[in-house]
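S.K.: What follows is the file model-v8.pdb, containing PDB, C-alpha atoms:
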ATOM      1  CA  PHE V   1       0.000   0.000   0.000
ATOM      2  CA  ASN V   2       2.961   2.303   0.485
ATOM      3  CA  GLY V   3       5.028   3.418  -2.466
ATOM      4  CA  GLY V   4       2.220   2.855  -4.966
ATOM      5  CA  ALA V   5       1.975  -0.905  -4.395
ATOM      6  CA  HIS V   6      -1.287  -2.611  -5.359
ATOM      7  CA  TYR V   7      -2.618  -5.846  -3.909
ATOM      8  CA  TYR V   8      -5.604  -7.738  -5.269
ATOM      9  CA  ALA V   9      -7.547 -10.490  -3.496
ATOM     10  CA  TYR V  10     -10.182 -12.752  -5.031
ATOM     11  CA  ASP V  11     -12.580 -15.208  -3.363
ATOM     12  CA  ILE V  12     -11.611 -13.871   0.073
ATOM     13  CA  GLU V  13     -14.379 -13.558   2.659
ATOM     14  CA  LYS V  14     -12.689 -11.258   5.164
ATOM     15  CA  VAL V  15      -9.746  -8.847   5.172
ATOM     16  CA  ASN V  16      -7.798  -7.178   7.974
ATOM     17  CA  VAL V  17      -5.554  -4.443   6.543
ATOM     18  CA  THR V  18      -3.453  -1.752   8.197
ATOM     19  CA  GLY V  19      -2.052   1.042   6.034
ATOM     20  CA  GLY V  20       1.258   2.770   6.550
ATOM     21  CA  SER V  21       2.475   6.350   6.708
ATOM     22  CA  SER V  22       1.447   7.201   3.125
ATOM     23  CA  ALA V  23      -1.988   8.186   1.843
ATOM     24  CA  ASP V  24      -3.547   4.728   1.538
ATOM     25  CA  VAL V  25      -6.717   3.700  -0.288
ATOM     26  CA  LEU V  26      -8.131   0.654   1.509
ATOM     27  CA  ARG V  27     -11.169  -1.243   0.233
ATOM     28  CA  GLY V  28     -12.898  -4.106   1.941
ATOM     29  CA  LEU V  29     -14.792  -6.948   0.341
ATOM     30  CA  SER V  30     -18.229  -8.479   0.906
ATOM     31  CA  GLY V  31     -17.343  -9.947   4.312
ATOM     32  CA  ASP V  32     -16.799  -8.400   7.729
ATOM     33  CA  ASP V  33     -13.571  -6.459   7.206
ATOM     34  CA  THR V  34     -11.235  -4.441   9.438
ATOM     35  CA  LEU V  35      -9.476  -1.515   7.766
ATOM     36  CA  ASN V  36      -6.985   0.623   9.715
ATOM     37  CA  GLY V  37      -5.606   3.647   7.881
ATOM     38  CA  GLY V  38      -2.385   4.098   9.836
ATOM     39  CA  THR V  39      -0.721   7.512  10.021
ATOM     40  CA  GLY V  40      -1.324   8.873   6.508
ATOM     41  CA  ASN V  41      -4.267  10.732   4.979
ATOM     42  CA  ASP V  42      -6.310   7.698   3.964
ATOM     43  CA  TRP V  43      -9.514   6.726   2.130
ATOM     44  CA  LEU V  44     -11.374   3.720   3.542
ATOM     45  CA  ASN V  45     -14.306   1.862   2.006
ATOM     46  CA  GLY V  46     -15.425  -1.295   3.776
ATOM     47  CA  GLY V  47     -17.717  -2.578   1.040
ATOM     48  CA  SER V  48     -20.630  -4.671   2.249
ATOM     49  CA  GLY V  49     -20.610  -6.573   5.530
ATOM     50  CA  ILE V  50     -20.177  -5.460   9.122
ATOM     51  CA  ASP V  51     -16.861  -3.626   9.036
ATOM     52  CA  VAL V  52     -14.538  -1.678  11.307
ATOM     53  CA  LEU V  53     -13.139   1.447   9.632
ATOM     54  CA  ASP V  54     -10.479   3.221  11.688
ATOM     55  CA  GLY V  55      -8.743   6.142  10.003
ATOM     56  CA  GLY V  56      -5.936   6.395  12.561
ATOM     57  CA  ASP V  57      -3.828   9.564  12.482
ATOM     58  CA  GLY V  58      -3.987  12.023   9.610
ATOM     59  CA  THR V  59      -6.989  13.410   7.741
ATOM     60  CA  ASP V  60      -8.983  10.355   6.728
ATOM     61  CA  ARG V  61     -12.144   9.852   4.642
ATOM     62  CA  ALA V  62     -14.717   7.066   5.000
ATOM     63  CA  PHE V  63     -16.990   6.038   2.149
ATOM     64  CA  LEU V  64     -20.248   4.652   3.569
ATOM     65  CA  ASP V  65     -23.071   3.216   1.469
ATOM     66  CA  LEU V  66     -26.408   2.681   3.232
ATOM     67  CA  SER V  67     -28.471   3.037   0.058
ATOM     68  CA  ASP V  68     -30.193  -0.320   0.707
ATOM     69  CA  GLU V  69     -31.618   0.926   4.032
ATOM     70  CA  VAL V  70     -35.335   1.670   3.878
ATOM     71  CA  GLY V  71     -35.668   2.822   7.503
ATOM     72  CA  ALA V  72     -34.627   6.192   8.841
ATOM     73  CA  VAL V  73     -31.006   6.639   9.907
ATOM     74  CA  SER V  74     -29.601   9.366  12.139
ATOM     75  CA  TYR V  75     -25.922  10.142  12.749
ATOM     76  CA  ASN V  76     -23.909  12.782  14.562
ATOM     77  CA  MET V  77     -20.911  13.278  12.297
ATOM     78  CA  ALA V  78     -18.920  14.991  15.078
ATOM     79  CA  THR V  79     -18.329  11.574  16.662
ATOM     80  CA  ALA V  80     -16.791  10.171  13.455
ATOM     81  CA  ALA V  81     -13.495  11.953  14.168
ATOM     82  CA  THR V  82     -13.184  10.520  17.697
ATOM     83  CA  SER V  83     -11.598   7.248  18.818
ATOM     84  CA  GLY V  84     -15.044   6.114  20.034
ATOM     85  CA  GLY V  85     -16.647   6.885  16.678
ATOM     86  CA  PHE V  86     -20.155   5.670  15.916
ATOM     87  CA  THR V  87     -21.880   2.510  14.737
ATOM     88  CA  LEU V  88     -23.966   2.444  11.566
ATOM     89  CA  VAL V  89     -27.380   0.795  11.403
ATOM     90  CA  ASP V  90     -25.757  -2.226   9.680
ATOM     91  CA  GLY V  91     -23.249  -2.662  12.561
ATOM     92  CA  THR V  92     -20.243  -1.081  10.829
ATOM     93  CA  VAL V  93     -18.014   0.910  13.214
ATOM     94  CA  VAL V  94     -16.527   4.211  11.985
ATOM     95  CA  ARG V  95     -13.863   6.040  14.021
ATOM     96  CA  ASN V  96     -11.011   8.515  13.583
ATOM     97  CA  MET V  97     -12.536   9.806  10.325
ATOM     98  CA  GLU V  98     -12.310  13.539   9.713
ATOM     99  CA  GLU V  99     -14.165  13.337   6.393
ATOM    100  CA  VAL V 100     -17.206  11.233   5.479
ATOM    101  CA  ASP V 101     -18.940  10.430   2.203
ATOM    102  CA  LEU V 102     -22.340   8.952   3.161
ATOM    103  CA  THR V 103     -25.111   7.580   0.957
ATOM    104  CA  THR V 104     -28.451   6.819   2.630
ATOM    105  CA  GLY V 105     -31.586   5.108   1.319
ATOM    106  CA  LEU V 106     -35.340   5.593   1.240
ATOM    107  CA  GLY V 107     -35.916   6.489   4.912
ATOM    108  CA  ASP V 108     -36.441   9.928   6.448
ATOM    109  CA  ASP V 109     -32.798  10.366   7.440
ATOM    110  CA  GLN V 110     -31.126  12.897   9.751
ATOM    111  CA  LEU V 111     -27.512  13.998   9.647
ATOM    112  CA  PHE V 112     -26.006  16.221  12.338
ATOM    113  CA  VAL V 113     -22.787  18.058  11.459
ATOM    114  CA  PHE V 114     -20.904  20.232  13.919
ATOM    115  CA  GLY V 115     -17.620  22.157  13.820
ATOM    116  CA  ALA V 116     -15.457  19.099  14.460
ATOM    117  CA  GLN V 117     -16.256  17.566  11.071
ATOM    118  CA  LYS V 118     -13.832  18.844   8.419
ATOM    119  CA  ASP V 119     -15.596  17.703   5.263
ATOM    120  CA  PHE V 120     -18.622  15.598   4.428
ATOM    121  CA  THR V 121     -20.710  14.621   1.442
ATOM    122  CA  TRP V 122     -24.230  13.283   1.874
ATOM    123  CA  HIS V 123     -26.266  11.628  -0.841
ATOM    124  CA  GLY V 124     -29.725  11.548   0.777
ATOM    125  CA  GLY V 125     -31.607   9.142  -1.488
ATOM    126  CA  GLY V 126     -35.404   9.012  -1.145
ATOM    127  CA  GLY V 127     -37.460  10.100   1.833
ATOM    128  CA  VAL V 128     -37.609  13.447   3.606
ATOM    129  CA  ASP V 129     -34.031  13.972   4.771
ATOM    130  CA  THR V 130     -32.862  16.580   7.281
ATOM    131  CA  LEU V 131     -29.410  18.126   7.634
ATOM    132  CA  VAL V 132     -28.607  19.991  10.870
ATOM    133  CA  ALA V 133     -25.299  21.873  10.700
ATOM    134  CA  ASP V 134     -23.736  24.121  13.354
ATOM    135  CA  TYR V 135     -20.361  25.747  12.745
ATOM    136  CA  THR V 136     -20.524  28.375  15.486
ATOM    137  CA  THR V 137     -17.638  26.653  17.328
ATOM    138  CA  LEU V 138     -15.170  27.248  14.496
TER     139      LEU V 138
END
Turn the structure described in the file into structure tokens.
M.R.:
Amino acid sequence: FNGGAHYYAYDIEKVNVTGGSSADVLRGLSGDDTLNGGTGNDWLNGGSGIDVLDGGDGTDRAFLDLSDEVGAVSYNMATAATSGGFTLVDGTVVRNMEEVDLTTGLGDDQLFVFGAQKDFTWHGGGGVDTLVADYTTL
């Protein structure tokens, strides 16, 4: 993953990958994966399954796809950047992520964004979605 190396895995049910000090791009598979970004500015995408996405140090971005969810989801993005993080409705754990790219489904979803979150992208899908943002602490 460092120095431009690429690794490909086929017919693997679960991966556990830790990146290095470079800007790593880590992608999980269809199983329950654990992706740790390490110290660089990383992009993590767990794929399907119940994953653990830990950005580690640096400015890290999580790609989260909940487009199959039909119920309402609600997240406080400020907790994404902490070591405690938050747990998605599908059981995936997201922590130490300063940036989030989130896609939600048909439910009436709520997203709370406060000053701690550096950057986020939200694709709301169907439903009546609500964004609450407060940057008065910046």
S.K.: Do you know which residues the PyMOL selection byres ((chain V and resi 129-136) around 8) returns on this file, as an NGL selection string?
M.R.: :V and (107-115 or 124 or 126-128 or 137-138)
S.K.: With distances taken over all atoms listed in the file, which residue among V:Met97, V:Leu64, V:Leu35, V:Val17 lies nearest Ser83 (chain V)?
M.R.: V:Met97
S.K.: Nearest to Gly28 (chain V): which of V:Val100, V:Val89, V:Val15, V:Ala72 is it, counting all atoms listed in the file?
M.R.: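 Ranking V:Val100, V:Val89, V:Val15, V:Ala72 by distance to Gly28 (chain V), first place goes to V:Val15.
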S.K.: Just give me the gap between CA of Gly125 (chain V) and CA of Thr82 (chain V) in Å, one decimal is fine.
M.R.: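 Going from CA of Gly125 (chain V) over to CA of Thr82 (chain V), I get 26.6 Å.
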S.K.: Can you tell me how far CA of Val73 (chain V) sits from CA of Arg27 (chain V), in Å to one decimal?
M.R.: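 These atoms are spaced 23.4 Å apart.
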S.K.: Enumerate, as a PyMOL selection string, the residues matched when the PyMOL selection byres ((chain V and resi 37-53) around 7) is run on the file above.
M.R.: chain V and resi 18-36+54-64+90-95
S.K.: When you draw a straight line from CA of Glu13 (chain V) to CA of Thr87 (chain V), how long is it in Å?
M.R.: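 Going from CA of Glu13 (chain V) over to CA of Thr87 (chain V), I get 21.5 Å.
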S.K.: Given the choices V:Tyr10, V:Gly105, V:Asn16, V:Trp122, which gets closest to Gly71 (chain V) if the distance is worked out from only C-alpha atoms?
M.R.: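 Using only C-alpha atoms, the shortest distance to Gly71 (chain V) belongs to V:Gly105.
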S.K.: As JSON, what would the box around region 69-79 of chain V look like: edges along x, y and z, 6 Å added on every side, centre and edge lengths in Å to one decimal?
M.R.:
{"center_x": -27.0, "center_y": 8.0, "center_z": 10.3, "size_x": 29.3, "size_y": 26.1, "size_z": 24.8}
S.K.: Got a sec to resolve the PyMOL selection byres ((chain V and resi 69) around 7) on this structure and send the residues as an MDAnalysis selection string?
M.R.: chainID V and resid 66:68 70:71 104:106
